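Shown below: input-v1.cif, with mmCIF, C-alpha atoms and all ligand atoms.
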data_structure
loop_
_atom_site.label_atom_id
_atom_site.label_comp_id
_atom_site.auth_asym_id
_atom_site.auth_seq_id
_atom_site.Cartn_x
_atom_site.Cartn_y
_atom_site.Cartn_z
CA MET A 121 63.26 -28.03 87.47
CA GLU A 122 60.03 -27.43 89.39
CA LYS A 123 56.99 -27.38 87.07
CA GLN A 124 54.31 -24.68 87.29
CA ASN A 125 51.39 -25.67 89.48
CA ILE A 126 48.77 -25.94 86.74
CA ASP A 127 46.02 -28.42 85.93
CA TRP A 128 47.65 -29.24 82.56
CA GLY A 129 44.77 -31.40 81.37
CA SER A 130 42.28 -28.54 81.65
CA LEU A 131 44.24 -26.10 79.48
CA ASN A 132 42.69 -25.11 76.16
CA PHE A 133 44.33 -23.81 73.01
CA GLU A 134 44.45 -20.30 74.42
CA TYR A 135 47.17 -17.75 75.18
CA HIS A 136 48.62 -18.00 78.65
CA GLU A 137 51.59 -15.75 79.46
CA THR A 138 54.83 -17.54 80.45
CA ASP A 139 58.16 -16.22 81.82
CA LYS A 140 60.23 -15.12 78.85
CA SER A 141 59.81 -14.16 75.23
CA TYR A 142 62.60 -13.66 72.70
CA VAL A 143 63.04 -10.43 70.76
CA SER A 144 65.41 -9.25 68.04
CA ASN A 145 65.16 -6.05 66.02
CA PHE A 146 66.18 -5.39 62.42
CA LYS A 147 67.41 -1.83 61.86
CA ASN A 148 69.77 -0.15 59.37
CA GLY A 149 69.98 -3.34 57.36
CA SER A 150 70.87 -5.86 60.07
CA TRP A 151 69.53 -7.87 62.99
CA ASP A 152 70.71 -7.01 66.50
CA ASP A 153 72.00 -9.73 68.87
CA GLY A 154 68.54 -10.52 70.26
CA GLU A 155 67.65 -11.27 73.88
CA LEU A 156 65.12 -12.81 76.21
CA THR A 157 62.62 -10.41 77.72
CA SER A 158 59.99 -10.49 80.45
CA ASP A 159 58.05 -7.78 78.65
CA HIS A 160 55.16 -9.47 76.86
CA THR A 161 53.88 -6.32 75.19
CA VAL A 162 55.00 -4.72 71.92
CA THR A 163 55.24 -0.96 71.43
CA ILE A 164 55.37 0.24 67.83
CA SER A 165 54.41 3.23 65.69
CA GLU A 166 50.70 3.64 65.03
CA CYS A 167 51.73 3.65 61.38
CA ALA A 168 53.81 0.43 61.53
CA GLY A 169 53.89 -1.70 58.36
CA VAL A 170 52.19 -4.57 60.15
CA LEU A 171 49.28 -2.40 61.29
CA GLN A 172 48.69 -0.64 57.99
CA TYR A 173 49.52 -3.30 55.38
CA SER A 174 49.66 -6.59 57.33
CA GLN A 175 53.35 -7.22 56.78
CA SER A 176 53.77 -10.17 59.12
CA VAL A 177 54.67 -13.88 59.01
CA PHE A 178 54.70 -16.55 61.71
CA GLU A 179 55.56 -20.12 62.62
CA GLY A 180 54.24 -22.69 65.08
CA LEU A 181 55.96 -25.63 66.78
CA LYS A 182 55.88 -27.38 70.14
CA ALA A 183 58.10 -28.43 73.02
CA TYR A 184 57.48 -31.76 74.73
CA THR A 185 58.66 -33.57 77.84
CA THR A 186 59.72 -37.08 76.85
CA LYS A 187 59.07 -40.23 78.88
CA ASP A 188 62.64 -40.05 80.25
CA SER A 189 62.12 -36.38 81.23
CA ARG A 190 64.10 -34.67 78.48
CA ILE A 191 62.67 -31.48 76.96
CA VAL A 192 62.67 -31.63 73.18
CA THR A 193 61.27 -29.92 70.13
CA PHE A 194 60.44 -31.26 66.69
CA ARG A 195 62.21 -30.28 63.45
CA PRO A 196 62.67 -26.53 64.13
CA ASP A 197 65.01 -26.42 61.12
CA LEU A 198 62.00 -26.85 58.83
CA ASN A 199 60.16 -24.00 60.56
CA ALA A 200 63.29 -21.84 60.14
CA ASP A 201 63.44 -22.58 56.40
CA ARG A 202 59.73 -21.98 55.95
CA MET A 203 59.84 -18.65 57.79
CA ILE A 204 62.65 -17.52 55.48
CA ASP A 205 60.49 -18.41 52.46
CA SER A 206 57.50 -16.60 53.99
CA ALA A 207 59.58 -13.49 54.76
CA LYS A 208 61.00 -13.29 51.23
CA ARG A 209 57.53 -13.41 49.68
CA LEU A 210 56.48 -10.40 51.78
CA GLU A 211 59.75 -8.49 51.14
CA MET A 212 60.90 -8.91 54.74
CA PRO A 213 64.48 -9.66 55.83
CA ALA A 214 65.12 -13.34 56.58
CA PHE A 215 65.92 -14.23 60.19
CA PRO A 216 68.98 -16.51 59.79
CA LYS A 217 68.30 -20.25 60.09
CA GLU A 218 70.89 -21.09 62.79
CA ARG A 219 69.83 -18.08 64.84
CA PHE A 220 66.18 -19.10 64.54
CA ILE A 221 66.93 -22.60 65.86
CA ASP A 222 69.12 -21.27 68.70
CA ALA A 223 66.49 -18.71 69.67
CA VAL A 224 63.74 -21.36 69.74
CA LEU A 225 65.84 -23.62 71.99
CA GLU A 226 66.87 -20.72 74.24
CA THR A 227 63.26 -19.55 74.63
CA ILE A 228 62.02 -23.05 75.48
CA LYS A 229 64.86 -23.42 78.00
CA ALA A 230 63.91 -20.12 79.66
CA ASN A 231 60.33 -21.39 80.05
CA GLU A 232 61.24 -24.93 81.13
CA SER A 233 58.82 -24.92 84.05
CA TRP A 234 56.00 -24.30 81.56
CA VAL A 235 56.71 -27.36 79.42
CA PRO A 236 53.93 -29.73 80.50
CA PRO A 237 54.94 -33.11 81.99
CA TYR A 238 54.99 -36.32 79.97
CA GLY A 239 51.61 -38.01 79.85
CA SER A 240 49.56 -34.86 80.52
CA GLY A 241 48.64 -34.56 76.84
CA ALA A 242 49.57 -30.88 77.09
CA THR A 243 52.56 -29.25 75.33
CA LEU A 244 54.31 -25.89 75.19
CA TYR A 245 53.33 -24.15 71.98
CA VAL A 246 56.11 -22.02 70.49
CA ARG A 247 55.18 -19.15 68.19
CA PRO A 248 58.01 -17.37 66.32
CA TYR A 249 56.78 -14.36 64.35
CA MET A 250 58.06 -11.27 62.57
CA PHE A 251 56.48 -7.99 61.54
CA GLY A 252 57.19 -4.64 59.92
CA SER A 253 57.68 -2.32 62.89
CA SER A 254 58.59 1.04 61.31
CA ALA A 255 56.12 3.58 59.96
CA VAL A 256 54.90 3.11 56.38
CA ILE A 257 52.21 5.17 54.71
CA GLY A 258 53.01 4.87 51.00
CA VAL A 259 52.70 1.20 50.01
CA LYS A 260 56.18 -0.30 50.39
CA PRO A 261 58.06 -2.68 52.68
CA ALA A 262 58.93 -1.34 56.15
CA ASP A 263 62.56 -0.44 56.91
CA GLU A 264 62.57 -1.98 60.39
CA TYR A 265 61.32 -5.34 61.67
CA GLN A 266 60.87 -7.19 64.92
CA PHE A 267 61.31 -10.95 65.29
CA ARG A 268 59.81 -12.45 68.44
CA ILE A 269 59.13 -15.84 69.96
CA LEU A 270 56.35 -16.29 72.47
CA THR A 271 55.47 -19.53 74.24
CA THR A 272 52.19 -20.63 75.76
CA PRO A 273 51.17 -23.95 77.32
CA VAL A 274 48.32 -25.63 75.46
CA GLY A 275 46.12 -28.49 76.58
CA PRO A 276 45.47 -31.82 74.91
CA TYR A 277 43.87 -31.05 71.56
CA PHE A 278 41.40 -33.90 71.92
CA LYS A 279 39.69 -34.11 75.28
CA GLY A 280 37.96 -37.45 75.72
CA GLY A 281 39.16 -38.88 72.41
CA ALA A 282 39.53 -37.58 68.88
CA LYS A 283 36.08 -36.92 67.45
CA PRO A 284 36.02 -36.91 63.65
CA VAL A 285 35.28 -33.48 62.19
CA LYS A 286 32.70 -32.37 59.63
CA LEU A 287 34.07 -30.38 56.69
CA LYS A 288 32.35 -28.41 53.98
CA ILE A 289 33.77 -27.59 50.58
CA SER A 290 33.95 -23.83 50.93
CA ASN A 291 32.28 -21.34 48.62
CA PHE A 292 35.13 -18.97 49.43
CA ASP A 293 38.65 -19.10 48.00
CA ARG A 294 41.69 -19.41 50.22
CA ALA A 295 44.65 -18.85 47.91
CA ALA A 296 45.14 -17.60 44.38
CA PRO A 297 47.30 -19.79 42.09
CA ARG A 298 50.25 -17.38 42.19
CA GLY A 299 49.32 -15.77 45.50
CA THR A 300 50.43 -16.36 49.09
CA GLY A 301 48.82 -19.70 49.99
CA HIS A 302 52.21 -21.41 50.36
CA ILE A 303 53.53 -19.02 53.05
CA LYS A 304 52.58 -18.76 56.69
CA ALA A 305 51.30 -15.21 56.86
CA GLY A 306 48.63 -13.63 59.04
CA LEU A 307 46.97 -12.20 55.94
CA ASN A 308 45.89 -15.72 54.87
CA TYR A 309 44.16 -16.14 58.21
CA ALA A 310 42.49 -12.71 58.35
CA MET A 311 40.63 -13.40 55.14
CA SER A 312 39.63 -16.91 56.31
CA LEU A 313 37.81 -15.67 59.42
CA HIS A 314 34.54 -14.85 57.69
CA ALA A 315 34.54 -18.25 55.96
CA ILE A 316 35.19 -20.14 59.21
CA VAL A 317 32.60 -18.20 61.23
CA SER A 318 30.05 -18.87 58.47
CA ALA A 319 30.94 -22.59 58.34
CA HIS A 320 30.58 -22.89 62.11
CA ALA A 321 27.17 -21.21 61.94
CA GLU A 322 26.13 -23.88 59.42
CA GLY A 323 27.25 -26.68 61.73
CA PHE A 324 30.62 -27.56 60.17
CA ASN A 325 33.98 -27.69 61.95
CA GLU A 326 36.16 -26.52 59.07
CA ASN A 327 36.24 -25.39 55.45
CA LEU A 328 37.96 -27.57 52.90
CA TYR A 329 39.06 -25.19 50.17
CA PRO A 330 39.10 -26.26 46.54
CA ASP A 331 41.75 -24.82 44.21
CA SER A 332 40.74 -21.27 43.30
CA ALA A 333 41.46 -21.54 39.56
CA THR A 334 39.16 -24.46 38.71
CA ARG A 335 37.35 -25.26 42.00
CA THR A 336 37.57 -28.96 41.06
CA LYS A 337 40.55 -30.10 43.17
CA VAL A 338 41.20 -30.47 46.91
CA GLU A 339 43.61 -27.99 48.52
CA GLU A 340 43.55 -27.72 52.32
CA THR A 341 41.62 -26.22 55.25
CA GLY A 342 42.35 -22.79 56.73
CA GLY A 343 45.10 -24.11 58.99
CA ALA A 344 45.81 -27.75 58.16
CA ASN A 345 46.81 -29.96 55.22
CA ILE A 346 44.58 -32.94 54.40
CA ILE A 347 45.63 -36.57 53.99
CA PHE A 348 43.63 -39.55 52.71
CA ILE A 349 43.89 -43.32 53.00
CA LYS A 350 42.99 -45.66 50.15
CA GLY A 351 43.94 -49.30 50.83
CA ASN A 352 47.60 -49.26 51.80
CA THR A 353 48.17 -45.92 50.07
CA PHE A 354 48.65 -42.56 51.79
CA VAL A 355 47.41 -39.85 49.42
CA THR A 356 48.03 -36.15 49.90
CA VAL A 357 47.74 -32.96 47.89
CA LYS A 358 50.37 -31.60 45.55
CA SER A 359 49.71 -27.92 44.90
CA PRO A 360 51.84 -24.78 44.78
CA SER A 361 49.20 -22.87 46.77
CA ILE A 362 49.05 -24.98 49.96
CA LEU A 363 51.24 -24.47 53.01
CA PRO A 364 54.00 -27.10 53.20
CA SER A 365 53.02 -28.58 56.59
CA VAL A 366 55.87 -30.01 58.66
CA THR A 367 53.43 -32.52 60.15
CA ARG A 368 52.23 -33.70 56.73
CA ARG A 369 55.78 -34.05 55.38
CA SER A 370 56.74 -36.01 58.51
CA LEU A 371 53.68 -38.26 58.18
CA GLU A 372 54.62 -39.05 54.57
CA TYR A 373 57.98 -40.31 55.84
CA VAL A 374 56.36 -42.25 58.69
CA ALA A 375 53.85 -43.85 56.30
CA GLU A 376 56.58 -45.03 53.95
CA HIS A 377 59.43 -45.91 56.31
CA TYR A 378 57.66 -47.00 59.51
CA LEU A 379 54.34 -48.37 58.25
CA GLY A 380 55.27 -49.70 54.81
CA MET A 381 52.61 -47.69 53.01
CA THR A 382 52.78 -46.30 49.49
CA VAL A 383 52.83 -42.49 49.45
CA GLU A 384 51.28 -40.42 46.67
CA GLU A 385 51.57 -36.63 46.57
CA ARG A 386 49.37 -35.57 43.67
CA GLU A 387 46.34 -33.62 42.50
CA ILE A 388 43.11 -34.88 44.08
CA PRO A 389 39.90 -34.14 42.15
CA LEU A 390 36.81 -33.52 44.30
CA THR A 391 35.16 -36.38 42.40
CA GLU A 392 37.62 -38.81 44.00
CA LEU A 393 36.51 -38.00 47.56
CA PRO A 394 33.96 -40.85 47.82
CA GLU A 395 36.75 -43.35 47.07
CA PHE A 396 38.75 -42.74 50.25
CA GLU A 397 38.44 -44.87 53.37
CA GLU A 398 39.90 -42.47 55.92
CA ALA A 399 40.93 -38.82 56.02
CA GLY A 400 42.66 -36.53 58.45
CA LEU A 401 43.70 -32.90 58.88
CA CYS A 402 47.30 -32.45 59.89
CA GLY A 403 49.17 -29.67 61.58
CA THR A 404 51.24 -28.98 64.67
CA ALA A 405 48.22 -28.20 66.89
CA ALA A 406 46.34 -31.51 66.58
CA VAL A 407 48.95 -33.68 64.79
CA ILE A 408 46.03 -35.43 63.01
CA SER A 409 42.38 -34.60 63.39
CA PRO A 410 40.25 -37.35 61.81
CA VAL A 411 37.67 -36.33 59.18
CA GLY A 412 34.24 -37.95 59.42
CA SER A 413 32.35 -36.26 56.60
CA ILE A 414 32.80 -33.77 53.78
CA ASN A 415 29.83 -31.81 52.46
CA ASN A 416 30.25 -30.97 48.77
CA HIS A 417 27.58 -28.35 48.13
CA GLY A 418 24.79 -30.33 49.79
CA ARG A 419 26.08 -33.79 48.91
CA GLU A 420 27.33 -35.44 52.09
CA ILE A 421 30.33 -37.75 51.69
CA LEU A 422 30.68 -40.00 54.73
CA LEU A 423 34.11 -41.51 55.25
CA PRO A 424 33.79 -45.26 55.95
CA SER A 425 35.84 -44.78 59.15
CA GLY A 426 32.72 -43.11 60.60
CA MET A 427 31.93 -40.28 63.03
CA ASP A 428 32.98 -41.97 66.30
CA GLN A 429 36.72 -42.50 66.15
CA MET A 430 39.88 -42.32 64.07
CA GLY A 431 40.17 -44.89 61.30
CA PRO A 432 42.78 -47.63 61.91
CA LYS A 433 45.44 -46.33 59.50
CA ILE A 434 45.14 -42.71 60.63
CA GLN A 435 45.35 -43.93 64.23
CA LYS A 436 48.58 -45.81 63.43
CA LEU A 437 50.07 -42.73 61.79
CA TYR A 438 49.04 -40.61 64.78
CA ASP A 439 50.45 -43.06 67.34
CA THR A 440 53.74 -43.41 65.47
CA LEU A 441 54.36 -39.70 64.97
CA THR A 442 53.38 -38.74 68.53
CA GLY A 443 55.55 -41.64 69.79
CA ILE A 444 58.50 -40.18 67.87
CA GLN A 445 57.79 -36.72 69.30
CA MET A 446 57.43 -37.99 72.89
CA GLY A 447 60.51 -40.20 72.69
CA THR A 448 58.87 -43.64 72.92
CA ILE A 449 59.62 -44.52 69.27
CA GLU A 450 63.04 -44.01 67.72
CA ALA A 451 63.13 -40.86 65.58
CA PRO A 452 64.74 -40.49 62.17
CA GLU A 453 68.13 -38.75 62.32
CA GLY A 454 67.81 -35.02 62.94
CA TRP A 455 64.11 -34.81 63.81
CA ILE A 456 64.41 -34.28 67.56
CA TYR A 457 66.26 -31.29 69.04
CA GLU A 458 67.08 -31.49 72.72
CA VAL A 459 66.77 -28.37 74.86
CA LYS A 460 69.89 -28.22 76.99
C1 LIG A 501 50.53 -23.93 59.83
C2 LIG A 501 49.65 -24.44 58.75
C3 LIG A 501 49.54 -25.82 58.45
C4 LIG A 501 50.20 -26.88 59.29
O1 LIG A 501 51.59 -26.85 59.23
P1 LIG A 501 52.47 -27.57 60.34
O2 LIG A 501 53.86 -27.19 59.97
O3 LIG A 501 52.24 -29.04 60.21
O4 LIG A 501 52.04 -27.06 61.66
C5 LIG A 501 48.77 -26.20 57.37
N1 LIG A 501 48.12 -25.29 56.62
C6 LIG A 501 48.18 -23.96 56.88
C7 LIG A 501 47.43 -23.03 56.01
C8 LIG A 501 48.96 -23.50 57.93
O5 LIG A 501 49.01 -22.19 58.19
#

Transcribe the structure of this file into C-alpha cells.
Amino acid sequence: MEKQNIDWGSLNFEYHETDKSYVSNFKNGSWDDGELTSDHTVTISECAGVLQYSQSVFEGLKAYTTKDSRIVTFRPDLNADRMIDSAKRLEMPAFPKERFIDAVLETIKANESWVPPYGSGATLYVRPYMFGSSAVIGVKPADEYQFRILTTPVGPYFKGGAKPVKLKISNFDRAAPRGTGHIKAGLNYAMSLHAIVSAHAEGFNENLYPDSATRTKVEETGGANIIFIKGNTFVTVKSPSILPSVTRRSLEYVAEHYLGMTVEEREIPLTELPEFEEAGLCGTAAVISPVGSINNHGREILLPSGMDQMGPKIQKLYDTLTGIQMGTIEAPEGWIYEVK
C-alpha cells in the first residue's frame, strides 16, 4: 500500500480530510447496515436534536503502523463499551459493540494510505461519533440518529520532546456529582471552552478541575485523566464524575504488571499535591503529557521532576505503553486489533 505523500512530522492535531468515512443511520427503531462514504459533509434538519439540544457523544482512538509494518489499533472494545454508556446517559440508541469494532477496523482499512509510517511519530486519529439527526423542538430525545467515523492523520504530539505543562486549579466546575462528567459528550467540552481560553490567557496550559461538591479533591483536566507518582506507587483518581480513560486504565495495568509498581485508585485531596514526585495527564492524544507545576489559587506547587523533561517513572510508563501500541513490546492478550 502506497502511503500519502505527506510530511508526517509536520502535521499538527488538526482536521485533515482522508478518503472514506463510515456512516450508519438509526430510523424507525433500528440501525441500517452502514457503509463507507466519500462524502465528508453531513446534511441534517436545521432543527436536529444535536443542533438544538446538543444530543451528541463521541470517542477517540488511533491507528498505528507497527515496526513490522502491520496496521493496528488499540483496545477499540473499550471505546465501544464507553460509547454505549455515553449514549444511554443521553437517551440515544446504543451502536452495537461488535458493529462498532468492525466499523472502526473497516474505516481504518479504507484509509490505509493515511496511516502514518512507523517512526514518524504521527498516527491516524479515529473519531467515532453519534448525534440526534431528526427535528426536535419540544425538549425530548430525537427519533433518528447518525453514527459516523471520521479519520484524520495527526502529527507527533510532542515536537522536540515532551515539555512539562503548567496547570491551574480551576475556579470553574467541570462535572456535577450526578451529572455527565463520566461520559464522552460534546456538551462537557462546550462548557469547558471559556475555562480553557481563560486559563491560556493567564499563562497556563490546562485546568485541573477539583470535585464540584467540595472543591477539595482532584478530578481531571478538560480532556485528560491525571496520574501521580509517589515512590514506587502509581496514584490515580477514583471518582464517579471523571471520564474512564482507556489510556489511564491501560497505564494502571502497565504499572502493576510490567513495571512492578503498586497501583492506588482513590480520592486525592488537593492538600496531598505537594507530596507527589511526578505527575502526568493521560489520554489518547498525548498518551502521557508530563505535569511540571500546579497553581492552587496563587500557590505554585512545583513537581520535583521539574519543567524540562518527563520524570523517570512517567517516562518508563510512556515508553512501555507506546512500545505496546507500536508493537515493539509484547501486548497483553486482546489489547491490539490488527486491521486486515
Ligand atoms: C477522552 C477523555 C479522556 C481520555 O480518555 P482516553 O480514552 O484515554 O483517550 C480523559 N478525560 C476526558 C474528559 C475525556 O473526554

Item to complete: Grab the atom CA of Gly180 of chain A to atom CA of Met203 of chain A distance for me, in Å with one decimal place.
Response: 10.0 Å

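The smallest atom-to-atom distance between Arg202 of chain A and any of A:Ser141, A:Gln124, A:Asn132, A:Ser365, using all atoms listed in the file, is found for A:Ser365.
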
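Near Arg195 of chain A, within 8 Å and counting all atoms listed in the file, sit Val366, Gly454, Trp455, Ile456 and Tyr457 of chain A; same-chain residues fewer than 5 positions away were not included.
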
Worksheet item: How many Å separate atom CA of Phe396 of chain A from atom CA of Pro410 of chain A?
Response: 12.8 Å

Compile the contact shell of Pro284 of chain A as a compact mmCIF listing (two decimals) with C-alpha atoms, keeping the file's coordinate frame: residues with an atom at most 6 Å away, counting all atoms listed in the file, same-chain residues fewer than 3 positions apart removed.
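Full text of result36.txt as output:
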# COMPACT_ATOMS: atom_id res chain seq x y z
CA PRO A 410 40.25 -37.35 61.81
CA VAL A 411 37.67 -36.33 59.18
CA GLY A 412 34.24 -37.95 59.42
CA MET A 427 31.93 -40.28 63.03

Fill in: Residue list as JSON, numbers by chain for point (46.3, -38.9, 55.9), cut-off 12 Å, only C-alpha atoms
{"A": [344, 345, 346, 347, 348, 349, 350, 351, 352, 353, 354, 355, 356, 357, 367, 368, 369, 370, 371, 372, 373, 374, 375, 381, 382, 383, 384, 385, 396, 397, 398, 399, 400, 401, 402, 403, 407, 408, 409, 410, 411, 430, 431, 432, 433, 434, 435, 436, 437, 438]}

Item to complete: Fewer than 2 positions away in the same chain doesn't count, so skip those; otherwise give me all residues within 10 Å of segment 214-223 of chain A, counting all atoms listed in the file, as number ranges by chain.
Response: A: 141-144, 146, 150-151, 153-156, 195-208, 211-212, 225-229, 248, 250, 266-269, 457, 459

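Closest approach to ligand LIG 501 (chain A) from the set A:Lys288, A:His417, A:Lys182, A:Arg298 is made by A:Lys182, with distances taken over all atoms listed in the file.
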
Generate the coordinates of all heavy atoms for segment 337-347 of chain A; report them as a short mmCIF file (atom, residue, chain, number, x, y, z; two decimals), in the coordinates of the input.
data_model
loop_
_atom_site.label_atom_id
_atom_site.label_comp_id
_atom_site.auth_asym_id
_atom_site.auth_seq_id
_atom_site.Cartn_x
_atom_site.Cartn_y
_atom_site.Cartn_z
N LYS A 337 39.54 -29.28 42.50
CA LYS A 337 40.55 -30.10 43.17
C LYS A 337 40.67 -29.73 44.65
O LYS A 337 40.45 -28.57 45.02
CB LYS A 337 41.92 -29.91 42.49
CG LYS A 337 41.97 -30.48 41.08
CD LYS A 337 43.27 -30.15 40.36
CE LYS A 337 43.32 -28.70 39.93
NZ LYS A 337 44.46 -28.39 39.07
N VAL A 338 41.04 -30.69 45.47
CA VAL A 338 41.20 -30.47 46.91
C VAL A 338 42.47 -29.68 47.17
O VAL A 338 43.52 -29.96 46.58
CB VAL A 338 41.31 -31.83 47.65
CG1 VAL A 338 41.54 -31.61 49.14
CG2 VAL A 338 40.07 -32.68 47.41
N GLU A 339 42.39 -28.68 48.07
CA GLU A 339 43.61 -27.99 48.52
C GLU A 339 43.85 -28.29 49.99
O GLU A 339 44.44 -29.29 50.32
CB GLU A 339 43.49 -26.48 48.26
CG GLU A 339 43.53 -26.13 46.78
CD GLU A 339 44.85 -25.53 46.34
OE1 GLU A 339 45.17 -24.42 46.79
OE2 GLU A 339 45.54 -26.15 45.52
N GLU A 340 43.37 -27.47 50.89
CA GLU A 340 43.55 -27.72 52.32
C GLU A 340 42.50 -26.95 53.10
O GLU A 340 41.66 -26.27 52.51
CB GLU A 340 44.97 -27.34 52.76
CG GLU A 340 45.29 -25.85 52.64
CD GLU A 340 46.62 -25.48 53.31
OE1 GLU A 340 46.97 -26.07 54.34
OE2 GLU A 340 47.27 -24.56 52.81
N THR A 341 42.54 -27.03 54.43
CA THR A 341 41.62 -26.22 55.25
C THR A 341 42.35 -24.91 55.59
O THR A 341 43.46 -24.67 55.12
CB THR A 341 41.21 -26.95 56.55
OG1 THR A 341 42.36 -27.06 57.39
CG2 THR A 341 40.63 -28.33 56.26
N GLY A 342 41.75 -24.08 56.41
CA GLY A 342 42.35 -22.79 56.73
C GLY A 342 43.68 -22.91 57.45
O GLY A 342 44.54 -22.04 57.32
N GLY A 343 43.87 -23.99 58.20
CA GLY A 343 45.10 -24.11 58.99
C GLY A 343 45.68 -25.50 59.05
O GLY A 343 46.52 -25.79 59.91
N ALA A 344 45.28 -26.39 58.13
CA ALA A 344 45.81 -27.75 58.16
C ALA A 344 45.81 -28.35 56.76
O ALA A 344 44.90 -28.08 55.96
CB ALA A 344 44.99 -28.63 59.10
N ASN A 345 46.79 -29.18 56.47
CA ASN A 345 46.81 -29.96 55.22
C ASN A 345 45.88 -31.16 55.41
O ASN A 345 45.55 -31.54 56.53
CB ASN A 345 48.22 -30.47 54.92
CG ASN A 345 49.17 -29.41 54.35
OD1 ASN A 345 50.33 -29.70 54.08
ND2 ASN A 345 48.70 -28.17 54.18
N ILE A 346 45.46 -31.77 54.31
CA ILE A 346 44.58 -32.94 54.40
C ILE A 346 45.28 -34.17 53.82
O ILE A 346 46.01 -34.05 52.82
CB ILE A 346 43.20 -32.66 53.75
CG1 ILE A 346 42.21 -33.80 54.08
CG2 ILE A 346 43.32 -32.45 52.24
CD1 ILE A 346 40.74 -33.41 53.89
N ILE A 347 45.08 -35.31 54.48
CA ILE A 347 45.63 -36.57 53.99
C ILE A 347 44.49 -37.59 53.87
O ILE A 347 43.48 -37.48 54.58
CB ILE A 347 46.72 -37.13 54.94
CG1 ILE A 347 46.16 -37.40 56.34
CG2 ILE A 347 47.91 -36.16 55.00
CD1 ILE A 347 47.15 -38.05 57.29
#
